[in-house]
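Dropping input_0.txt in here (compact mmCIF, C-alpha atoms and all ligand atoms):
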# COMPACT_ATOMS: atom_id res chain seq x y z
CA LEU V 1 0.00 0.00 0.00
CA ILE V 2 2.82 2.41 0.94
CA GLN V 3 4.50 1.70 -2.39
CA ARG V 4 1.21 2.46 -4.20
CA LEU V 5 0.88 5.78 -2.36
CA ILE V 6 4.24 7.01 -3.60
CA GLU V 7 3.94 5.66 -7.14
CA PRO V 8 3.78 8.38 -9.79
CA ALA V 9 0.36 8.53 -11.44
CA ASN V 10 1.33 6.80 -14.72
CA GLN V 11 2.81 3.87 -12.83
CA LYS V 12 -0.20 3.72 -10.58
CA ALA V 13 -2.48 3.58 -13.61
CA GLU V 14 -0.39 0.80 -15.13
CA HIS V 15 -0.43 -1.12 -11.86
CA LEU V 16 -4.23 -0.93 -11.69
CA THR V 17 -5.27 -1.21 -15.33
CA GLY V 18 -2.26 -2.39 -17.32
CA ARG V 19 -2.19 0.98 -19.18
CA ASN V 20 0.01 3.87 -18.06
CA TYR V 21 -2.51 6.51 -19.10
CA ILE V 22 -6.20 7.31 -18.86
CA SER V 23 -8.57 7.85 -21.76
CA TYR V 24 -11.76 9.84 -21.93
CA SER V 25 -13.82 6.76 -22.85
CA ALA V 26 -12.53 4.88 -19.78
CA LEU V 27 -13.25 7.85 -17.51
CA SER V 28 -16.71 8.26 -18.89
CA LEU V 29 -17.40 4.53 -18.44
CA TYR V 30 -16.47 4.96 -14.76
CA GLN V 31 -18.89 7.88 -14.54
CA GLN V 32 -21.67 5.73 -16.06
CA CYS V 33 -21.07 2.72 -13.81
CA PRO V 34 -17.94 2.22 -11.67
CA LEU V 35 -18.50 -1.55 -11.52
CA ARG V 36 -18.68 -1.84 -15.29
CA TYR V 37 -15.40 0.11 -15.45
CA TYR V 38 -13.94 -2.34 -12.93
CA PHE V 39 -14.96 -5.41 -14.94
CA LYS V 40 -13.56 -3.96 -18.17
CA TYR V 41 -10.38 -2.18 -17.12
CA ILE V 42 -9.33 -3.67 -13.77
CA ALA V 43 -10.57 -7.28 -13.85
CA GLY V 44 -10.02 -7.39 -17.63
CA LEU V 45 -13.13 -9.52 -18.29
CA SER V 46 -13.75 -10.13 -21.95
CA GLU V 47 -16.94 -8.74 -23.40
CA ARG V 48 -18.89 -11.74 -24.64
CA THR V 49 -21.36 -9.62 -26.58
CA VAL V 50 -21.14 -6.31 -28.34
CA SER V 51 -24.12 -4.27 -29.44
CA ALA V 52 -24.72 -3.98 -33.18
CA SER V 53 -25.00 -0.21 -32.82
CA LEU V 54 -21.44 -0.06 -31.43
CA VAL V 55 -20.09 -2.15 -34.33
CA PHE V 56 -22.13 -0.04 -36.75
CA GLY V 57 -20.72 3.19 -35.30
CA SER V 58 -17.13 1.98 -35.59
CA ALA V 59 -17.74 0.70 -39.13
CA ILE V 60 -19.02 4.16 -40.19
CA HIS V 61 -16.02 5.72 -38.44
CA ARG V 62 -13.73 3.44 -40.39
CA ALA V 63 -15.29 4.42 -43.72
CA VAL V 64 -15.06 8.15 -42.93
CA GLU V 65 -11.49 7.68 -41.68
CA HIS V 66 -10.60 6.06 -45.03
CA HIS V 67 -12.10 9.05 -46.87
CA PHE V 68 -9.98 11.58 -44.95
CA ASN V 69 -6.85 9.40 -45.09
CA GLU V 70 -7.11 9.43 -48.89
CA LEU V 71 -7.49 13.22 -48.92
CA MET V 72 -4.55 13.58 -46.53
CA ALA V 73 -2.44 11.48 -48.93
CA GLY V 74 -3.35 13.89 -51.74
CA ASN V 75 -5.66 11.42 -53.52
CA GLU V 76 -9.14 11.93 -54.94
CA PRO V 77 -12.04 11.29 -52.53
CA PRO V 78 -12.84 7.55 -52.57
CA CYS V 79 -16.07 6.39 -54.24
CA LEU V 80 -19.05 5.07 -52.29
CA ASP V 81 -18.09 1.44 -53.00
CA ALA V 82 -14.67 2.02 -51.45
CA LEU V 83 -16.28 3.48 -48.32
CA LEU V 84 -18.72 0.57 -48.11
CA ALA V 85 -15.81 -1.88 -48.47
CA GLU V 86 -14.24 -0.29 -45.36
CA TYR V 87 -17.60 -0.50 -43.59
CA ASP V 88 -17.80 -4.23 -44.45
CA LYS V 89 -14.26 -4.89 -43.21
CA ALA V 90 -15.19 -3.62 -39.76
CA TRP V 91 -18.06 -6.15 -39.63
CA GLN V 92 -15.92 -9.00 -40.97
CA GLU V 93 -13.55 -8.57 -38.02
CA ARG V 94 -16.39 -9.46 -35.63
CA ASN V 95 -17.69 -12.86 -34.72
CA PRO V 96 -21.39 -12.62 -35.76
CA ALA V 97 -22.38 -14.80 -32.79
CA GLU V 98 -21.09 -12.10 -30.43
CA VAL V 99 -23.03 -9.23 -31.98
CA HIS V 100 -26.28 -8.36 -30.24
CA PHE V 101 -28.81 -6.83 -32.68
CA GLY V 102 -31.73 -4.65 -31.62
CA LYS V 103 -35.22 -5.92 -32.41
CA ASP V 104 -35.51 -3.84 -35.61
CA ASP V 105 -31.95 -4.35 -36.87
CA ASP V 106 -30.15 -6.94 -38.93
CA LEU V 107 -27.04 -6.89 -41.11
CA GLU V 108 -29.00 -6.06 -44.25
CA SER V 109 -30.98 -3.14 -42.77
CA LEU V 110 -27.79 -1.70 -41.24
CA ALA V 111 -25.94 -1.99 -44.58
CA GLN V 112 -28.76 -0.03 -46.26
CA LEU V 113 -28.55 2.61 -43.53
CA ALA V 114 -24.76 2.81 -43.97
CA THR V 115 -25.22 3.38 -47.71
CA ARG V 116 -27.60 6.28 -47.04
CA MET V 117 -25.36 7.79 -44.37
CA LEU V 118 -22.17 7.56 -46.39
CA THR V 119 -23.91 8.95 -49.49
CA GLY V 120 -25.07 11.89 -47.36
CA PHE V 121 -21.55 12.30 -45.97
CA GLN V 122 -19.98 12.41 -49.45
CA SER V 123 -22.29 15.18 -50.60
CA HIS V 124 -21.90 17.26 -47.43
CA GLU V 125 -19.43 20.16 -47.09
CA PHE V 126 -17.86 18.36 -44.12
CA SER V 127 -16.35 15.75 -46.46
CA LYS V 128 -14.37 18.48 -48.25
CA SER V 129 -11.52 19.60 -46.09
CA PRO V 130 -11.39 23.41 -45.75
CA GLY V 131 -7.65 23.30 -44.92
CA THR V 132 -4.72 20.92 -44.60
CA ILE V 133 -5.53 17.61 -42.97
CA ILE V 134 -2.74 16.97 -40.47
CA GLY V 135 -4.22 14.01 -38.63
CA VAL V 136 -6.86 11.29 -38.93
CA GLU V 137 -7.52 9.10 -35.89
CA GLU V 138 -4.50 10.82 -34.40
CA GLU V 139 -3.33 9.62 -30.98
CA LEU V 140 -2.16 12.43 -28.73
CA ARG V 141 -0.99 12.03 -25.19
CA GLY V 142 -0.06 14.54 -22.52
CA ASN V 143 0.24 15.16 -18.82
CA ILE V 144 -2.36 17.89 -18.64
CA ILE V 145 -3.69 17.34 -15.10
CA PRO V 146 -1.17 17.44 -12.24
CA GLY V 147 -1.34 14.30 -10.09
CA CYS V 148 -3.22 12.32 -12.75
CA PRO V 149 -1.85 9.90 -15.32
CA ASP V 150 -1.27 11.14 -18.88
CA VAL V 151 -4.46 11.63 -20.84
CA LEU V 152 -4.59 9.79 -24.16
CA GLY V 153 -6.94 11.06 -26.86
CA ARG V 154 -7.68 9.56 -30.26
CA ILE V 155 -8.73 12.51 -32.38
CA ASP V 156 -10.88 11.74 -35.40
CA LEU V 157 -9.81 14.65 -37.59
CA LEU V 158 -7.31 17.52 -37.32
CA ILE V 159 -7.41 20.24 -39.96
CA GLU V 160 -5.06 23.23 -40.01
CA THR V 161 -5.88 26.50 -41.73
CA THR V 162 -3.89 29.73 -41.74
CA GLU V 163 -5.70 30.96 -38.60
CA GLU V 164 -6.79 27.88 -36.69
CA LEU V 165 -6.64 24.20 -35.87
CA VAL V 166 -10.00 22.47 -36.23
CA VAL V 167 -10.43 19.46 -33.95
CA THR V 168 -13.36 17.25 -34.97
CA ASP V 169 -14.94 14.35 -33.17
CA LEU V 170 -17.31 12.24 -35.25
CA LYS V 171 -20.46 10.80 -33.69
CA THR V 172 -23.24 8.62 -35.03
CA SER V 173 -26.58 9.22 -33.38
CA LYS V 174 -30.18 7.96 -33.55
CA SER V 175 -31.41 11.53 -33.90
CA ARG V 176 -30.09 15.05 -34.41
CA TRP V 177 -28.30 16.57 -31.45
CA SER V 178 -29.68 19.59 -29.69
CA LYS V 179 -27.43 22.50 -28.71
CA ASN V 180 -27.59 21.28 -25.10
CA GLN V 181 -26.55 17.77 -26.06
CA ALA V 182 -23.47 19.11 -27.82
CA GLU V 183 -22.68 21.30 -24.84
CA ASP V 184 -23.14 18.42 -22.37
CA SER V 185 -20.81 16.18 -24.41
CA GLY V 186 -18.19 18.90 -24.77
CA GLY V 187 -15.87 17.63 -22.00
CA GLN V 188 -14.09 15.25 -24.34
CA LEU V 189 -13.31 17.97 -26.89
CA LEU V 190 -12.30 20.44 -24.18
CA LEU V 191 -9.71 17.92 -22.94
CA TYR V 192 -8.55 17.43 -26.51
CA SER V 193 -8.04 21.18 -26.82
CA GLU V 194 -5.41 20.87 -24.08
CA LEU V 195 -3.74 17.97 -25.88
CA THR V 196 -3.62 19.77 -29.23
CA ARG V 197 -2.56 23.21 -27.99
CA PRO V 198 1.21 22.43 -28.13
CA LEU V 199 0.85 21.54 -31.84
CA VAL V 200 -0.13 25.09 -32.82
CA PRO V 201 0.78 27.45 -29.94
CA SER V 202 0.02 30.59 -31.95
CA LYS V 203 -3.26 29.54 -33.54
CA ARG V 204 -6.86 29.46 -32.39
CA ILE V 205 -8.27 26.02 -31.62
CA ARG V 206 -11.79 25.32 -32.86
CA LEU V 207 -13.63 22.30 -31.50
CA GLN V 208 -16.56 20.62 -33.21
CA PHE V 209 -18.68 17.51 -33.21
CA ALA V 210 -19.74 16.16 -36.59
CA VAL V 211 -22.95 14.23 -35.89
CA LEU V 212 -24.18 11.77 -38.54
CA THR V 213 -27.74 10.69 -37.86
CA LYS V 214 -29.03 7.15 -38.32
CA THR V 215 -32.39 8.45 -39.50
CA LYS V 216 -34.31 7.56 -42.68
CA ALA V 217 -32.89 10.66 -44.34
CA PRO V 218 -29.49 10.92 -42.62
CA ALA V 219 -28.27 14.40 -41.70
CA ILE V 220 -24.84 15.74 -40.81
CA ASP V 221 -24.73 18.54 -38.27
CA LEU V 222 -21.63 20.36 -37.09
CA HIS V 223 -21.80 21.57 -33.47
CA GLU V 224 -19.11 23.90 -32.28
CA VAL V 225 -17.92 23.69 -28.66
CA PRO V 226 -16.45 27.03 -27.54
CA VAL V 227 -13.02 26.78 -25.92
CA ASP V 228 -13.78 28.45 -22.63
CA GLN V 229 -10.88 28.20 -20.17
CA LYS V 230 -13.24 28.03 -17.16
CA ARG V 231 -14.97 24.99 -18.68
CA VAL V 232 -11.62 23.41 -19.57
CA ASP V 233 -10.48 23.80 -15.94
CA ARG V 234 -13.77 22.37 -14.68
CA VAL V 235 -13.39 19.28 -16.91
CA LYS V 236 -9.85 18.82 -15.64
CA ARG V 237 -11.04 18.96 -12.03
CA ILE V 238 -13.74 16.37 -12.81
CA VAL V 239 -11.14 14.07 -14.39
CA ASP V 240 -9.00 14.54 -11.29
CA ARG V 241 -11.90 13.43 -9.04
CA VAL V 242 -12.81 10.48 -11.25
CA TRP V 243 -9.19 9.35 -11.28
CA HIS V 244 -8.99 9.57 -7.51
CA GLY V 245 -12.13 7.42 -7.27
CA ILE V 246 -10.46 4.80 -9.50
CA GLU V 247 -7.19 5.04 -7.64
CA ALA V 248 -8.99 4.53 -4.32
CA GLU V 249 -10.70 1.48 -5.88
CA MET V 250 -14.19 2.88 -5.36
CA PHE V 251 -16.11 0.37 -7.45
CA TYR V 252 -19.86 -0.15 -7.09
CA PRO V 253 -22.78 -0.86 -9.43
CA ALA V 254 -24.81 2.07 -10.76
CA PRO V 255 -27.78 0.29 -12.35
CA SER V 256 -29.74 2.23 -14.92
CA PRO V 257 -32.33 1.33 -17.57
CA MET V 258 -30.14 3.18 -20.08
CA ASN V 259 -26.94 1.19 -19.50
CA CYS V 260 -27.75 -2.22 -18.00
CA PRO V 261 -29.69 -3.75 -20.94
CA THR V 262 -26.64 -3.47 -23.23
CA CYS V 263 -24.00 -4.10 -20.54
CA PRO V 264 -21.78 -7.09 -21.45
CA PHE V 265 -21.16 -7.80 -17.75
CA ARG V 266 -24.70 -8.47 -16.55
CA SER V 267 -23.84 -11.95 -15.36
CA PRO V 268 -20.70 -11.06 -13.32
CA CYS V 269 -22.58 -8.02 -12.01
CA SER V 270 -25.42 -10.14 -10.62
CA LYS V 271 -22.85 -12.41 -8.92
CA TRP V 272 -20.75 -9.57 -7.52
CA PRO V 273 -20.86 -9.97 -3.73
CA GLY V 274 -20.69 -6.24 -2.94
S1 LIG A 301 -25.32 -4.52 -15.36
FE1 LIG A 301 -25.69 -2.33 -14.92
S2 LIG A 301 -25.03 -2.08 -12.78
FE2 LIG A 301 -24.16 -4.00 -13.50
S3 LIG A 301 -22.10 -3.52 -14.22
FE3 LIG A 301 -23.47 -3.40 -15.98
S4 LIG A 301 -24.12 -1.26 -16.11
FE4 LIG A 301 -23.27 -1.59 -14.08
Just give me the structure as structure tokens.
Amino acid sequence: LIQRLIEPANQKAEHLTGRNYISYSALSLYQQCPLRYYFKYIAGLSERTVSASLVFGSAIHRAVEHHFNELMAGNEPPCLDALLAEYDKAWQERNPAEVHFGKDDDLESLAQLATRMLTGFQSHEFSKSPGTIIGVEEELRGNIIPGCPDVLGRIDLLIETTEELVVTDLKTSKSRWSKNQAEDSGGQLLLYSELTRPLVPSKRIRLQFAVLTKTKAPAIDLHEVPVDQKRVDRVKRIVDRVWHGIEAEMFYPAPSPMNCPTCPFRSPCSKWPG
């Protein structure tokens, strides 16, 4: 215990989770349900099932990532078939028996939805880079919160113009986001603003979510998150508290009708002695 108390934060994180950093997705999983975080990151239980919507979201991400990678390499934008081939690859990497489909979804209906979404993406301004693409799925890491492990961020898209650096996080969503929803989700981008600042010390940083909807007629909305230093500091203090909860091994179930139905750890959760 004494050794743990004097361990620097990165080592402490590695000791607990096997990773010498923290990521926003891990922190936000802890905020949703500390016990689910424990099963995934501390106990290292494998996830026997994965929801089809999660696989779908990463397959769309992969197709969009391919599009911007081609632009970054100086090539023409890929055609729809090339994007759909990337989408398919993401599904092929999954064991179909482990994918949990919702009652109205199957592979075919999701493939049709992907075609509509990617067609909409190709015709939207967002698909045409307004500056120089300097990163796609770029991993950045930094010690931005004293006393906490390094924060690792995987940034979907980084575009540099003469005046600014545009940091974009791509989301897929059942419906269009409201202004409040974008504001409430802004913590992730605000942390990323701290990670990207050293890349362009003299330029403005602009943060945005690009939200692709999974609706009949898919839409793409760009929501800007203002870089407000007070909000950045608040997010950093929240991360600090969440990390200290993890470090103190404060793990407990936080059941909710939103999270439990799709939780891959329902069985170990019901057996957890408390
Ligand atoms: S089933 Fe619910 S309470 Fe249990 S670990 Fe999963 S999300 Fe948490």
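Using only C-alpha atoms, the nearest neighbour of Leu84 in chain V within the list V:Arg237, V:Arg62, V:His100, V:Lys171 is V:Arg62.
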>> List the spatial neighbours of Val166 in chain V as number ranges by chain - criterion: any atom at most 6 Å away, only C-alpha atoms, same-chain residues fewer than 4 positions off excluded.
In response: V: 158-159, 206-207
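Minimum atom-to-atom distance to Val242 in chain V, evaluated using only C-alpha atoms, belongs to V:Pro149 out of V:Glu137, V:Asn10, V:Asp105, V:Pro149.
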List as a PDB file with C-alpha atoms, in the frame of the given file the protein and nucleic acid residues lying within 8 Å of ligand LIG 301 (chain A), with all atoms listed in the file counted.
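Output (out-v2.pdb):
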ATOM      1  CA  GLN V  32     -21.670   5.730 -16.060  1.00  0.00           C
ATOM      2  CA  CYS V  33     -21.070   2.720 -13.810  1.00  0.00           C
ATOM      3  CA  PRO V  34     -17.940   2.220 -11.670  1.00  0.00           C
ATOM      4  CA  LEU V  35     -18.500  -1.550 -11.520  1.00  0.00           C
ATOM      5  CA  ARG V  36     -18.680  -1.840 -15.290  1.00  0.00           C
ATOM      6  CA  TYR V  37     -15.400   0.110 -15.450  1.00  0.00           C
ATOM      7  CA  PHE V  39     -14.960  -5.410 -14.940  1.00  0.00           C
ATOM      8  CA  TYR V 252     -19.860  -0.150  -7.090  1.00  0.00           C
ATOM      9  CA  PRO V 253     -22.780  -0.860  -9.430  1.00  0.00           C
ATOM     10  CA  ALA V 254     -24.810   2.070 -10.760  1.00  0.00           C
ATOM     11  CA  PRO V 255     -27.780   0.290 -12.350  1.00  0.00           C
ATOM     12  CA  SER V 256     -29.740   2.230 -14.920  1.00  0.00           C
ATOM     13  CA  ASN V 259     -26.940   1.190 -19.500  1.00  0.00           C
ATOM     14  CA  CYS V 260     -27.750  -2.220 -18.000  1.00  0.00           C
ATOM     15  CA  PRO V 261     -29.690  -3.750 -20.940  1.00  0.00           C
ATOM     16  CA  THR V 262     -26.640  -3.470 -23.230  1.00  0.00           C
ATOM     17  CA  CYS V 263     -24.000  -4.100 -20.540  1.00  0.00           C
ATOM     18  CA  PRO V 264     -21.780  -7.090 -21.450  1.00  0.00           C
ATOM     19  CA  PHE V 265     -21.160  -7.800 -17.750  1.00  0.00           C
ATOM     20  CA  ARG V 266     -24.700  -8.470 -16.550  1.00  0.00           C
ATOM     21  CA  SER V 267     -23.840 -11.950 -15.360  1.00  0.00           C
ATOM     22  CA  PRO V 268     -20.700 -11.060 -13.320  1.00  0.00           C
ATOM     23  CA  CYS V 269     -22.580  -8.020 -12.010  1.00  0.00           C
ATOM     24  CA  SER V 270     -25.420 -10.140 -10.620  1.00  0.00           C
TER      25      SER V 270
END
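Of the residues under consideration (V:Lys230, V:His15, V:Ser23, V:Gly102), V:Ser23 shows the shortest atom-to-atom contact distance to Ile155 in chain V when counting all atoms listed in the file.
Atom pair CA of Ala85 in chain V / CA of Leu54 in chain V has a distance of 18.0 Å (rounded to one decimal).
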> Excluding same-chain residues fewer than 6 positions from Glu194 in chain V, what lies within 9 Å of it counting all atoms listed in the file, as a PyMOL selection string?
Replying inline: chain V and resi 142+144+232
> What lies within 12 Å of range 221-224 of chain V using all atoms listed in the file, ignoring chain neighbours under 4 positions off, as a PyMOL selection string?
Replying inline: chain V and resi 120-121+124-127+166-173+175-186+189-190+205-213+228
Selected residues, C-alpha atoms, written as an mmCIF file, in the coordinates of the input, please.
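Below is the file out.cif, written as the result:
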data_model
loop_
_atom_site.group_PDB
_atom_site.id
_atom_site.type_symbol
_atom_site.label_atom_id
_atom_site.label_comp_id
_atom_site.auth_asym_id
_atom_site.auth_seq_id
_atom_site.Cartn_x
_atom_site.Cartn_y
_atom_site.Cartn_z
ATOM 1 C CA GLY V 120 -25.070 11.890 -47.360
ATOM 2 C CA PHE V 121 -21.550 12.300 -45.970
ATOM 3 C CA HIS V 124 -21.900 17.260 -47.430
ATOM 4 C CA GLU V 125 -19.430 20.160 -47.090
ATOM 5 C CA PHE V 126 -17.860 18.360 -44.120
ATOM 6 C CA SER V 127 -16.350 15.750 -46.460
ATOM 7 C CA VAL V 166 -10.000 22.470 -36.230
ATOM 8 C CA VAL V 167 -10.430 19.460 -33.950
ATOM 9 C CA THR V 168 -13.360 17.250 -34.970
ATOM 10 C CA ASP V 169 -14.940 14.350 -33.170
ATOM 11 C CA LEU V 170 -17.310 12.240 -35.250
ATOM 12 C CA LYS V 171 -20.460 10.800 -33.690
ATOM 13 C CA THR V 172 -23.240 8.620 -35.030
ATOM 14 C CA SER V 173 -26.580 9.220 -33.380
ATOM 15 C CA SER V 175 -31.410 11.530 -33.900
ATOM 16 C CA ARG V 176 -30.090 15.050 -34.410
ATOM 17 C CA TRP V 177 -28.300 16.570 -31.450
ATOM 18 C CA SER V 178 -29.680 19.590 -29.690
ATOM 19 C CA LYS V 179 -27.430 22.500 -28.710
ATOM 20 C CA ASN V 180 -27.590 21.280 -25.100
ATOM 21 C CA GLN V 181 -26.550 17.770 -26.060
ATOM 22 C CA ALA V 182 -23.470 19.110 -27.820
ATOM 23 C CA GLU V 183 -22.680 21.300 -24.840
ATOM 24 C CA ASP V 184 -23.140 18.420 -22.370
ATOM 25 C CA SER V 185 -20.810 16.180 -24.410
ATOM 26 C CA GLY V 186 -18.190 18.900 -24.770
ATOM 27 C CA LEU V 189 -13.310 17.970 -26.890
ATOM 28 C CA LEU V 190 -12.300 20.440 -24.180
ATOM 29 C CA ILE V 205 -8.270 26.020 -31.620
ATOM 30 C CA ARG V 206 -11.790 25.320 -32.860
ATOM 31 C CA LEU V 207 -13.630 22.300 -31.500
ATOM 32 C CA GLN V 208 -16.560 20.620 -33.210
ATOM 33 C CA PHE V 209 -18.680 17.510 -33.210
ATOM 34 C CA ALA V 210 -19.740 16.160 -36.590
ATOM 35 C CA VAL V 211 -22.950 14.230 -35.890
ATOM 36 C CA LEU V 212 -24.180 11.770 -38.540
ATOM 37 C CA THR V 213 -27.740 10.690 -37.860
ATOM 38 C CA ASP V 228 -13.780 28.450 -22.630
#
> CA of Lys214 in chain V and CA of Phe56 in chain V, how far apart in Å?
Replying inline: 10.1 Å
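The residue that comes closest to Val200 in chain V, out of V:Glu163, V:Ile220, V:Asn143, V:Thr17 and on the basis of all atoms listed in the file, is V:Glu163.
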>> Residues within 7 Å of Cys148 in chain V, please, as a PyMOL selection string. Count all atoms listed in the file; anything in the same chain fewer than 4 positions from it doesn't count.
In response: chain V and resi 9+240+243
What would range 246-266 of chain V look like with N, CA and C atoms restored, written as a short mmCIF file (atom, residue, chain, number, x, y, z; two decimals), in the frame of the given file?
data_model
loop_
_atom_site.label_atom_id
_atom_site.label_comp_id
_atom_site.auth_asym_id
_atom_site.auth_seq_id
_atom_site.Cartn_x
_atom_site.Cartn_y
_atom_site.Cartn_z
N ILE V 246 -11.02 6.04 -8.95
CA ILE V 246 -10.46 4.80 -9.50
C ILE V 246 -9.27 4.36 -8.66
N GLU V 247 -8.41 5.33 -8.38
CA GLU V 247 -7.19 5.04 -7.64
C GLU V 247 -7.50 4.50 -6.23
N ALA V 248 -8.60 5.00 -5.65
CA ALA V 248 -8.99 4.53 -4.32
C ALA V 248 -9.82 3.24 -4.40
N GLU V 249 -9.97 2.73 -5.63
CA GLU V 249 -10.70 1.48 -5.88
C GLU V 249 -12.14 1.56 -5.38
N MET V 250 -12.78 2.68 -5.71
CA MET V 250 -14.19 2.88 -5.36
C MET V 250 -15.03 2.30 -6.50
N PHE V 251 -15.34 1.02 -6.39
CA PHE V 251 -16.11 0.37 -7.45
C PHE V 251 -17.43 -0.11 -6.88
N TYR V 252 -18.52 0.25 -7.54
CA TYR V 252 -19.86 -0.15 -7.09
C TYR V 252 -20.79 -0.10 -8.31
N PRO V 253 -21.89 -0.87 -8.27
CA PRO V 253 -22.78 -0.86 -9.43
C PRO V 253 -23.64 0.41 -9.44
N ALA V 254 -23.90 0.92 -10.61
CA ALA V 254 -24.81 2.07 -10.76
C ALA V 254 -25.86 1.67 -11.80
N PRO V 255 -26.83 0.81 -11.36
CA PRO V 255 -27.78 0.29 -12.35
C PRO V 255 -28.61 1.40 -12.97
N SER V 256 -28.87 1.25 -14.26
CA SER V 256 -29.74 2.23 -14.92
C SER V 256 -30.39 1.58 -16.13
N PRO V 257 -31.66 1.94 -16.41
CA PRO V 257 -32.33 1.33 -17.57
C PRO V 257 -31.66 1.72 -18.88
N MET V 258 -30.85 2.77 -18.86
CA MET V 258 -30.14 3.18 -20.08
C MET V 258 -28.96 2.24 -20.36
N ASN V 259 -28.21 1.90 -19.31
CA ASN V 259 -26.94 1.19 -19.50
C ASN V 259 -27.00 -0.32 -19.30
N CYS V 260 -27.80 -0.78 -18.32
CA CYS V 260 -27.75 -2.22 -18.00
C CYS V 260 -28.19 -3.13 -19.15
N PRO V 261 -29.26 -2.79 -19.91
CA PRO V 261 -29.69 -3.75 -20.94
C PRO V 261 -28.60 -4.10 -21.95
N THR V 262 -27.68 -3.17 -22.23
CA THR V 262 -26.64 -3.47 -23.23
C THR V 262 -25.29 -3.75 -22.56
N CYS V 263 -25.26 -3.87 -21.24
CA CYS V 263 -24.00 -4.10 -20.54
C CYS V 263 -23.52 -5.53 -20.78
N PRO V 264 -22.26 -5.72 -21.20
CA PRO V 264 -21.78 -7.09 -21.45
C PRO V 264 -21.45 -7.85 -20.16
N PHE V 265 -21.56 -7.17 -19.02
CA PHE V 265 -21.16 -7.80 -17.75
C PHE V 265 -22.35 -8.05 -16.82
N ARG V 266 -23.52 -8.27 -17.39
CA ARG V 266 -24.70 -8.47 -16.55
C ARG V 266 -24.54 -9.68 -15.63
#
